[in-house]
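Coordinates as given in entry.cif (mmCIF, C-alpha atoms):
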```
data_coords
loop_
_atom_site.group_PDB
_atom_site.id
_atom_site.type_symbol
_atom_site.label_atom_id
_atom_site.label_comp_id
_atom_site.auth_asym_id
_atom_site.auth_seq_id
_atom_site.Cartn_x
_atom_site.Cartn_y
_atom_site.Cartn_z
ATOM 1 C CA MET U 1 30.806 -18.575 27.805
ATOM 2 C CA ALA U 2 28.238 -15.817 27.251
ATOM 3 C CA ASP U 3 26.431 -14.590 30.325
ATOM 4 C CA PRO U 4 22.621 -15.034 29.731
ATOM 5 C CA GLN U 5 21.999 -12.091 32.048
ATOM 6 C CA ASN U 6 24.221 -9.818 29.909
ATOM 7 C CA PRO U 7 24.090 -10.964 26.263
ATOM 8 C CA PRO U 8 26.962 -9.759 24.044
ATOM 9 C CA THR U 9 26.585 -6.786 21.762
ATOM 10 C CA VAL U 10 27.600 -6.672 18.092
ATOM 11 C CA GLU U 11 30.577 -4.460 19.013
ATOM 12 C CA SER U 12 31.800 -6.836 21.702
ATOM 13 C CA LEU U 13 31.437 -9.799 19.330
ATOM 14 C CA ALA U 14 33.567 -8.059 16.731
ATOM 15 C CA SER U 15 36.234 -7.398 19.363
ATOM 16 C CA GLU U 16 36.162 -11.049 20.474
ATOM 17 C CA VAL U 17 36.542 -12.292 16.894
ATOM 18 C CA LYS U 18 39.617 -10.054 16.468
ATOM 19 C CA GLU U 19 41.140 -11.469 19.676
ATOM 20 C CA LEU U 20 40.424 -15.006 18.467
ATOM 21 C CA GLN U 21 42.165 -14.223 15.204
ATOM 22 C CA LYS U 22 45.241 -12.924 17.051
ATOM 23 C CA GLN U 23 45.391 -16.051 19.224
ATOM 24 C CA LEU U 24 44.959 -18.297 16.231
ATOM 25 C CA ASP U 25 47.751 -16.472 14.396
ATOM 26 C CA LYS U 26 50.092 -17.390 17.280
ATOM 27 C CA GLU U 27 48.839 -20.909 17.844
ATOM 28 C CA THR U 28 48.661 -21.996 14.232
ATOM 29 C CA LYS U 29 52.264 -21.177 13.317
ATOM 30 C CA GLY U 30 53.649 -24.301 11.772
ATOM 31 C CA PHE U 31 50.200 -25.704 10.934
ATOM 32 C CA THR U 32 48.925 -25.875 7.406
ATOM 33 C CA GLY U 33 46.860 -22.983 6.030
ATOM 34 C CA TRP U 34 43.604 -24.875 5.828
ATOM 35 C CA VAL U 35 43.645 -25.580 9.573
ATOM 36 C CA LYS U 36 43.982 -21.883 10.287
ATOM 37 C CA TRP U 37 41.117 -20.944 8.002
ATOM 38 C CA LEU U 38 38.895 -23.659 9.419
ATOM 39 C CA SER U 39 39.492 -22.339 12.903
ATOM 40 C CA LEU U 40 38.590 -18.809 11.838
ATOM 41 C CA ILE U 41 35.386 -20.007 10.211
ATOM 42 C CA LEU U 42 34.379 -21.919 13.338
ATOM 43 C CA ALA U 43 35.071 -18.846 15.459
ATOM 44 C CA PHE U 44 32.923 -16.685 13.196
ATOM 45 C CA VAL U 45 30.035 -19.188 13.271
ATOM 46 C CA ALA U 46 30.195 -19.293 17.061
ATOM 47 C CA ALA U 47 30.054 -15.494 17.201
ATOM 48 C CA VAL U 48 27.016 -15.366 14.895
ATOM 49 C CA PHE U 49 25.077 -17.807 17.067
ATOM 50 C CA ALA U 50 25.946 -15.749 20.136
ATOM 51 C CA VAL U 51 24.182 -12.639 18.748
ATOM 52 C CA PRO U 52 21.310 -11.740 21.108
ATOM 53 C CA LYS U 53 17.804 -12.612 19.916
ATOM 54 C CA GLY U 54 16.833 -8.949 20.157
ATOM 55 C CA VAL U 55 19.395 -8.024 17.505
ATOM 56 C CA LEU U 56 18.054 -10.693 15.141
ATOM 57 C CA ASP U 57 14.466 -9.575 15.768
ATOM 58 C CA LEU U 58 15.440 -5.995 14.963
ATOM 59 C CA TYR U 59 17.042 -7.139 11.700
ATOM 60 C CA ASP U 60 13.880 -9.060 10.813
ATOM 61 C CA ARG U 61 11.660 -6.031 11.472
ATOM 62 C CA ILE U 62 13.851 -3.812 9.305
ATOM 63 C CA HIS U 63 14.215 -6.137 6.320
ATOM 64 C CA SER U 64 10.877 -7.994 6.161
ATOM 65 C CA ARG U 65 8.092 -6.090 4.455
ATOM 66 C CA PRO U 66 4.520 -6.646 3.248
ATOM 67 C CA ASN U 67 4.019 -7.069 -0.497
ATOM 68 C CA THR U 68 0.546 -5.688 -1.138
ATOM 69 C CA HIS U 69 -1.298 -5.590 -4.472
ATOM 70 C CA VAL U 70 -4.613 -3.922 -5.340
ATOM 71 C CA THR U 71 -6.616 -5.327 -8.281
ATOM 72 C CA PRO U 72 -9.748 -3.425 -9.408
ATOM 73 C CA GLU U 73 -12.838 -5.046 -10.874
ATOM 74 C CA SER U 74 -14.085 -4.024 -14.339
ATOM 75 C CA THR U 75 -16.962 -1.769 -13.269
ATOM 76 C CA LEU U 76 -17.115 1.765 -11.882
ATOM 77 C CA LEU U 77 -20.412 3.252 -10.669
ATOM 78 C CA LEU U 78 -20.955 6.990 -11.095
ATOM 79 C CA SER U 79 -23.878 8.557 -9.211
ATOM 80 C CA TYR U 80 -25.270 12.054 -8.755
ATOM 81 C CA ASP U 81 -27.997 13.157 -6.371
ATOM 82 C CA PRO U 82 -29.511 16.537 -7.420
ATOM 83 C CA LYS U 83 -31.210 16.954 -4.036
ATOM 84 C CA THR U 84 -28.017 16.844 -2.002
ATOM 85 C CA LYS U 85 -25.703 17.887 -4.870
ATOM 86 C CA VAL U 86 -23.430 14.954 -4.066
ATOM 87 C CA ILE U 87 -21.430 13.049 -6.687
ATOM 88 C CA SER U 88 -20.178 9.577 -5.793
ATOM 89 C CA PHE U 89 -18.080 6.759 -7.212
ATOM 90 C CA SER U 90 -18.204 3.121 -6.175
ATOM 91 C CA SER U 91 -15.778 0.376 -7.167
ATOM 92 C CA ASP U 92 -14.974 -3.200 -6.167
ATOM 93 C CA PHE U 93 -11.429 -4.466 -5.805
ATOM 94 C CA THR U 94 -9.332 -7.160 -4.185
ATOM 95 C CA ILE U 95 -6.324 -6.446 -1.998
ATOM 96 C CA SER U 96 -3.732 -9.137 -1.307
ATOM 97 C CA ASN U 97 -0.471 -9.419 0.591
ATOM 98 C CA THR U 98 2.188 -11.920 -0.484
ATOM 99 C CA GLY U 99 4.912 -10.457 1.742
ATOM 100 C CA GLU U 100 6.438 -11.496 5.040
ATOM 101 C CA ARG U 101 4.592 -9.072 7.332
ATOM 102 C CA LEU U 102 1.072 -7.832 7.967
ATOM 103 C CA ASP U 103 0.145 -4.616 6.160
ATOM 104 C CA THR U 104 -2.349 -1.981 7.299
ATOM 105 C CA ILE U 105 -4.120 0.566 5.111
ATOM 106 C CA GLU U 106 -3.676 3.807 7.012
ATOM 107 C CA ASN U 107 -4.997 6.450 4.619
ATOM 108 C CA MET U 108 -6.803 6.897 1.306
ATOM 109 C CA GLY U 109 -7.421 9.707 -1.145
ATOM 110 C CA ALA U 110 -8.486 10.412 -4.728
ATOM 111 C CA THR U 111 -8.685 13.151 -7.342
ATOM 112 C CA LEU U 112 -11.062 13.632 -10.271
ATOM 113 C CA GLN U 113 -9.408 15.388 -13.185
ATOM 114 C CA ARG U 114 -10.322 16.209 -16.759
ATOM 115 C CA VAL U 115 -7.671 14.854 -19.124
ATOM 116 C CA ASP U 116 -8.699 15.855 -22.666
ATOM 117 C CA TYR U 117 -6.894 19.124 -21.928
ATOM 118 C CA THR U 118 -4.498 20.243 -19.221
ATOM 119 C CA SER U 119 -6.351 21.126 -16.033
ATOM 120 C CA SER U 120 -6.136 20.961 -12.263
ATOM 121 C CA PRO U 121 -8.193 18.344 -10.400
ATOM 122 C CA LEU U 122 -11.874 19.277 -10.255
ATOM 123 C CA ILE U 123 -12.430 17.431 -6.960
ATOM 124 C CA SER U 124 -10.109 16.038 -4.292
ATOM 125 C CA PHE U 125 -11.470 13.262 -2.098
ATOM 126 C CA GLU U 126 -10.005 13.115 1.397
ATOM 127 C CA ASP U 127 -9.999 10.152 3.760
ATOM 128 C CA THR U 128 -13.261 11.346 5.313
ATOM 129 C CA ASN U 129 -14.984 11.130 1.892
ATOM 130 C CA PHE U 130 -14.491 7.340 1.824
ATOM 131 C CA THR U 131 -16.635 4.483 3.087
ATOM 132 C CA MET U 132 -15.371 0.905 2.900
ATOM 133 C CA PHE U 133 -17.450 -2.291 2.757
ATOM 134 C CA GLU U 134 -16.669 -5.994 2.979
ATOM 135 C CA ASN U 135 -19.452 -8.501 2.258
ATOM 136 C CA ASN U 136 -21.927 -5.562 2.284
ATOM 137 C CA ALA U 137 -20.903 -4.667 5.844
ATOM 138 C CA LYS U 138 -19.232 -1.355 6.611
ATOM 139 C CA ILE U 139 -15.650 -1.581 7.882
ATOM 140 C CA THR U 140 -13.248 1.028 9.196
ATOM 141 C CA ASN U 141 -11.035 2.960 6.776
ATOM 142 C CA ARG U 142 -8.042 1.591 8.746
ATOM 143 C CA PHE U 143 -7.980 -2.103 7.958
ATOM 144 C CA PRO U 144 -5.313 -4.840 8.009
ATOM 145 C CA VAL U 145 -4.153 -7.002 5.123
ATOM 146 C CA ASN U 146 -2.713 -10.175 6.622
ATOM 147 C CA LYS U 147 0.238 -11.835 4.951
ATOM 148 C CA GLU U 148 -0.740 -14.531 2.449
ATOM 149 C CA ALA U 149 -4.326 -13.222 2.535
ATOM 150 C CA THR U 150 -6.765 -11.613 0.067
ATOM 151 C CA ARG U 151 -9.760 -9.379 0.861
ATOM 152 C CA SER U 152 -12.614 -8.434 -1.511
ATOM 153 C CA LEU U 153 -13.781 -4.896 -0.753
ATOM 154 C CA THR U 154 -16.029 -2.121 -2.055
ATOM 155 C CA CYS U 155 -14.862 1.474 -1.981
ATOM 156 C CA LEU U 156 -17.445 4.296 -1.964
ATOM 157 C CA MET U 157 -16.318 7.914 -2.215
ATOM 158 C CA ASP U 158 -18.595 10.934 -2.357
ATOM 159 C CA HIS U 159 -18.194 14.704 -2.476
ATOM 160 C CA TYR U 160 -20.369 17.814 -2.655
ATOM 161 C CA LEU U 161 -20.561 19.125 -6.234
ATOM 162 C CA SER U 162 -21.128 22.849 -6.586
ATOM 163 C CA ASP U 163 -23.196 24.180 -9.481
ATOM 164 C CA ASP U 164 -20.036 25.446 -11.225
ATOM 165 C CA ASN U 165 -18.300 22.087 -10.811
ATOM 166 C CA LYS U 166 -21.418 20.288 -12.037
ATOM 167 C CA THR U 167 -21.352 22.366 -15.222
ATOM 168 C CA SER U 168 -17.659 21.585 -15.657
ATOM 169 C CA MET U 169 -18.181 17.902 -14.969
ATOM 170 C CA PHE U 170 -21.104 17.171 -17.265
ATOM 171 C CA GLN U 171 -19.668 18.373 -20.559
ATOM 172 C CA PRO U 172 -20.384 16.241 -23.669
ATOM 173 C CA GLN U 173 -17.374 14.240 -24.896
ATOM 174 C CA SER U 174 -15.252 15.299 -21.937
ATOM 175 C CA GLN U 175 -12.680 12.760 -20.726
ATOM 176 C CA TRP U 176 -11.941 12.127 -17.062
ATOM 177 C CA ARG U 177 -9.515 10.253 -14.857
ATOM 178 C CA LEU U 178 -10.190 9.167 -11.276
ATOM 179 C CA ASN U 179 -6.924 8.638 -9.398
ATOM 180 C CA LEU U 180 -7.474 6.520 -6.298
ATOM 181 C CA GLU U 181 -4.640 5.788 -3.885
ATOM 182 C CA PHE U 182 -4.334 3.741 -0.696
ATOM 183 C CA THR U 183 -1.440 4.260 1.704
ATOM 184 C CA GLY U 184 -0.098 1.315 3.703
ATOM 185 C CA GLU U 185 2.617 0.850 6.290
ATOM 186 C CA TYR U 186 6.040 2.340 5.556
ATOM 187 C CA GLN U 187 4.106 4.913 3.446
ATOM 188 C CA SER U 188 3.760 2.419 0.586
ATOM 189 C CA LYS U 189 1.347 3.656 -2.129
ATOM 190 C CA TYR U 190 -1.212 1.429 -3.869
ATOM 191 C CA PRO U 191 -2.841 3.331 -6.772
ATOM 192 C CA ILE U 192 -5.850 2.574 -8.975
ATOM 193 C CA GLN U 193 -6.721 4.636 -12.055
ATOM 194 C CA TYR U 194 -10.103 4.789 -13.797
ATOM 195 C CA CYS U 195 -10.751 6.656 -17.056
ATOM 196 C CA PHE U 196 -14.134 7.383 -18.618
ATOM 197 C CA ASP U 197 -15.959 9.726 -20.996
ATOM 198 C CA ILE U 198 -19.080 11.803 -20.425
ATOM 199 C CA SER U 199 -21.479 11.275 -23.327
ATOM 200 C CA GLN U 200 -24.259 13.560 -24.503
ATOM 201 C CA GLY U 201 -26.783 11.012 -23.225
ATOM 202 C CA MET U 202 -25.256 11.150 -19.728
ATOM 203 C CA VAL U 203 -25.325 14.954 -19.796
ATOM 204 C CA ASP U 204 -29.040 14.936 -20.690
ATOM 205 C CA GLU U 205 -29.898 12.291 -18.092
ATOM 206 C CA PHE U 206 -27.989 13.866 -15.214
ATOM 207 C CA GLY U 207 -29.178 17.351 -16.139
ATOM 208 C CA ALA U 208 -32.881 16.363 -16.135
ATOM 209 C CA ALA U 209 -32.708 14.167 -13.021
ATOM 210 C CA ARG U 210 -34.871 14.970 -10.014
ATOM 211 C CA ASP U 211 -33.685 11.958 -8.017
ATOM 212 C CA LYS U 212 -30.398 10.148 -7.701
ATOM 213 C CA VAL U 213 -29.064 8.764 -11.001
ATOM 214 C CA THR U 214 -26.443 5.999 -11.291
ATOM 215 C CA LYS U 215 -24.502 5.001 -14.396
ATOM 216 C CA ARG U 216 -22.479 1.800 -14.686
ATOM 217 C CA LEU U 217 -19.188 2.426 -16.491
ATOM 218 C CA LEU U 218 -17.715 -0.787 -17.909
ATOM 219 C CA ASN U 219 -13.975 -1.402 -18.325
ATOM 220 C CA PRO U 220 -12.976 2.117 -17.253
ATOM 221 C CA TRP U 221 -9.276 1.503 -17.847
ATOM 222 C CA CYS U 222 -6.674 4.103 -18.708
ATOM 223 C CA ASN U 223 -4.288 3.563 -21.606
#
```

Written as structure tokens, that's how I'd like the structure from this file.
Amino acid sequence: MADPQNPPTVESLASEVKELQKQLDKETKGFTGWVKWLSLILAFVAAVFAVPKGVLDLYDRIHSRPNTHVTPESTLLLSYDPKTKVISFSSDFTISNTGERLDTIENMGATLQRVDYTSSPLISFEDTNFTMFENNAKITNRFPVNKEATRSLTCLMDHYLSDDNKTSMFQPQSQWRLNLEFTGEYQSKYPIQYCFDISQGMVDEFGAARDKVTKRLLNPWCN
């Protein structure tokens, strides 16, 4: 009988099963084959149930994972404030977890890149450039996603836009992609991509603005 003060290890269980098999080989001589196999199966089942709870918990932690999905809404807000020279993007999305464990968003980042010709990202948004909201209330950038749960959130990211970058950004008929990415536990990546064009009308409006201007970009999906 297993000692509750000193639960068996996996190695000791394997050794015990081998000893049981040796004993059964001796004791089952003359018996039919099915009796021998039944005895071995019963011995194996007994060994499995003797595995310490800590070993089973460790297995569960290793093999159970969250299953998180991010679904963006169909609107992206683009804003520019000429007084502070800050460009910002705001988007709504839902985040859900259908896995077996709680997930936690641990980091976020984004890049803004022109895509009608090959170029490096114009702006890189770091974690500190983000502000998160839920039901119009600010929440921390580190937030949990419970299993079998869904959260509706708003993501606001802003960045200083130099005069040179402003000129590069507001070019008529230029095409842009905003790559947004959340990082969860186990370094899982949850990306969202938005694509949009800068029209001549937007160039004129942003260029003449003296106060903050916001444009609503509908269905900013990438092909």

For this file, the PyMOL selection byres ((chain U and resi 204-215) around 8) selects which residues, as a ChimeraX atom specification? /U:77-83,170,200-203,216-217

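Nearest to Ser124 of chain U of all the residues U:Thr104, U:Thr111, U:Asn141, U:Ser90 is U:Thr111, counting all atoms listed in the file.
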
Test item: residues at most 6 Å from segment 71-74 of chain U, all atoms listed in the file, excluding those fewer than 6 positions along its chain, as a compact mmCIF listing (two decimals) with C-alpha atoms, keeping the file's coordinate frame:
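Listing of around.txt after writing:
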```txt
# COMPACT_ATOMS: atom_id res chain seq x y z
CA ASP U 92 -14.97 -3.20 -6.17
CA PHE U 93 -11.43 -4.47 -5.80
CA THR U 94 -9.33 -7.16 -4.18
CA ASN U 219 -13.98 -1.40 -18.32
```

Exercise: Gln113 of chain U partners within 9 Å, all atoms listed in the file, chain neighbours under 2 positions left out, as number ranges by chain: U: 111, 115, 119-124, 175-179

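Rounded to one decimal, atom CA of Arg65 of chain U and atom CA of Glu181 of chain U lie 19.3 Å from each other.
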
Near-Gln171 of chain U list (9 Å; all atoms listed in the file; drop same-chain fewer than 2 positions) as a list of chain:residue names: U:Lys166, U:Thr167, U:Ser168, U:Met169, U:Gln173, U:Ser174, U:Gln175, U:Ile198, U:Ser199, U:Gln200, U:Val203

Dump C-alpha atoms for the selected residues as a PDB file, in the frame of the given file?
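File out_13.pdb, as written:
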```
ATOM      1  CA  LYS U 166     -21.418  20.288 -12.037  1.00  0.00           C
ATOM      2  CA  THR U 167     -21.352  22.366 -15.222  1.00  0.00           C
ATOM      3  CA  SER U 168     -17.659  21.585 -15.657  1.00  0.00           C
ATOM      4  CA  MET U 169     -18.181  17.902 -14.969  1.00  0.00           C
ATOM      5  CA  GLN U 173     -17.374  14.240 -24.896  1.00  0.00           C
ATOM      6  CA  SER U 174     -15.252  15.299 -21.937  1.00  0.00           C
ATOM      7  CA  GLN U 175     -12.680  12.760 -20.726  1.00  0.00           C
ATOM      8  CA  ILE U 198     -19.080  11.803 -20.425  1.00  0.00           C
ATOM      9  CA  SER U 199     -21.479  11.275 -23.327  1.00  0.00           C
ATOM     10  CA  GLN U 200     -24.259  13.560 -24.503  1.00  0.00           C
ATOM     11  CA  VAL U 203     -25.325  14.954 -19.796  1.00  0.00           C
TER      12      VAL U 203
END
```

Using the chain letters and numbers from the file, give me the residues hit by the PyMOL selection byres ((chain U and resi 131) around 7), as a ChimeraX atom specification. /U:129-130,132-133,141,155-157

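The smallest atom-to-atom distance between Asp158 of chain U and any of U:Pro172, U:Pro220, U:Gly99, U:Gly109, using all atoms listed in the file, is found for U:Gly109.
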
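Straight-line separation from atom CA of His69 of chain U to atom CA of Ser91 of chain U: 15.9 Å.
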
Tell me which of U:Arg114, U:Pro66, U:Asn136, U:Lys85 sits closest to Asp164 of chain U, counting all atoms listed in the file. U:Lys85

Restore N, CA and C atoms in segment 66-94 of chain U and list the result as a short mmCIF file (atom, residue, chain, number, x, y, z; two decimals), keeping the file's coordinate frame.
```
data_model
loop_
_atom_site.label_atom_id
_atom_site.label_comp_id
_atom_site.auth_asym_id
_atom_site.auth_seq_id
_atom_site.Cartn_x
_atom_site.Cartn_y
_atom_site.Cartn_z
N PRO U 66 5.68 -6.13 3.97
CA PRO U 66 4.52 -6.65 3.25
C PRO U 66 4.71 -6.44 1.76
N ASN U 67 3.99 -7.20 0.97
CA ASN U 67 4.02 -7.07 -0.50
C ASN U 67 2.56 -7.05 -0.97
N THR U 68 1.98 -5.86 -0.95
CA THR U 68 0.55 -5.69 -1.14
C THR U 68 0.23 -5.29 -2.58
N HIS U 69 -0.85 -5.88 -3.11
CA HIS U 69 -1.30 -5.59 -4.47
C HIS U 69 -2.80 -5.30 -4.45
N VAL U 70 -3.21 -4.28 -5.22
CA VAL U 70 -4.61 -3.92 -5.34
C VAL U 70 -5.05 -4.18 -6.78
N THR U 71 -6.13 -4.97 -6.94
CA THR U 71 -6.62 -5.33 -8.28
C THR U 71 -8.07 -4.89 -8.42
N PRO U 72 -8.37 -3.91 -9.26
CA PRO U 72 -9.75 -3.42 -9.41
C PRO U 72 -10.59 -4.35 -10.27
N GLU U 73 -11.89 -4.35 -10.01
CA GLU U 73 -12.84 -5.05 -10.87
C GLU U 73 -13.13 -4.17 -12.10
N SER U 74 -13.93 -4.68 -13.03
CA SER U 74 -14.08 -4.02 -14.34
C SER U 74 -15.29 -3.08 -14.42
N THR U 75 -15.80 -2.66 -13.27
CA THR U 75 -16.96 -1.77 -13.27
C THR U 75 -16.74 -0.61 -12.29
N LEU U 76 -17.12 0.59 -12.73
CA LEU U 76 -17.11 1.76 -11.88
C LEU U 76 -18.50 2.38 -11.91
N LEU U 77 -19.08 2.63 -10.75
CA LEU U 77 -20.41 3.25 -10.67
C LEU U 77 -20.27 4.74 -10.41
N LEU U 78 -20.92 5.54 -11.25
CA LEU U 78 -20.96 6.99 -11.10
C LEU U 78 -22.38 7.40 -10.76
N SER U 79 -22.54 8.13 -9.65
CA SER U 79 -23.88 8.56 -9.21
C SER U 79 -23.89 10.05 -8.94
N TYR U 80 -25.07 10.65 -9.13
CA TYR U 80 -25.27 12.05 -8.76
C TYR U 80 -26.66 12.22 -8.19
N ASP U 81 -26.73 12.89 -7.03
CA ASP U 81 -28.00 13.16 -6.37
C ASP U 81 -28.28 14.66 -6.44
N PRO U 82 -29.25 15.10 -7.27
CA PRO U 82 -29.51 16.54 -7.42
C PRO U 82 -30.07 17.18 -6.16
N LYS U 83 -30.65 16.39 -5.26
CA LYS U 83 -31.21 16.95 -4.04
C LYS U 83 -30.12 17.36 -3.06
N THR U 84 -29.11 16.54 -2.93
CA THR U 84 -28.02 16.84 -2.00
C THR U 84 -26.80 17.44 -2.71
N LYS U 85 -26.82 17.41 -4.05
CA LYS U 85 -25.70 17.89 -4.87
C LYS U 85 -24.42 17.11 -4.54
N VAL U 86 -24.57 15.82 -4.40
CA VAL U 86 -23.43 14.95 -4.07
C VAL U 86 -23.15 14.03 -5.24
N ILE U 87 -21.88 14.00 -5.68
CA ILE U 87 -21.43 13.05 -6.69
C ILE U 87 -20.69 11.92 -5.97
N SER U 88 -20.83 10.71 -6.46
CA SER U 88 -20.18 9.58 -5.79
C SER U 88 -19.68 8.57 -6.82
N PHE U 89 -18.64 7.85 -6.42
CA PHE U 89 -18.08 6.76 -7.21
C PHE U 89 -18.00 5.53 -6.33
N SER U 90 -18.29 4.38 -6.91
CA SER U 90 -18.20 3.12 -6.18
C SER U 90 -17.48 2.09 -7.03
N SER U 91 -16.54 1.38 -6.43
CA SER U 91 -15.78 0.38 -7.17
C SER U 91 -15.46 -0.80 -6.26
N ASP U 92 -15.38 -1.98 -6.87
CA ASP U 92 -14.97 -3.20 -6.17
C ASP U 92 -13.53 -3.52 -6.51
N PHE U 93 -12.81 -4.08 -5.56
CA PHE U 93 -11.43 -4.47 -5.80
C PHE U 93 -11.01 -5.53 -4.80
N THR U 94 -9.94 -6.22 -5.12
CA THR U 94 -9.33 -7.16 -4.18
C THR U 94 -7.98 -6.60 -3.76
#
```
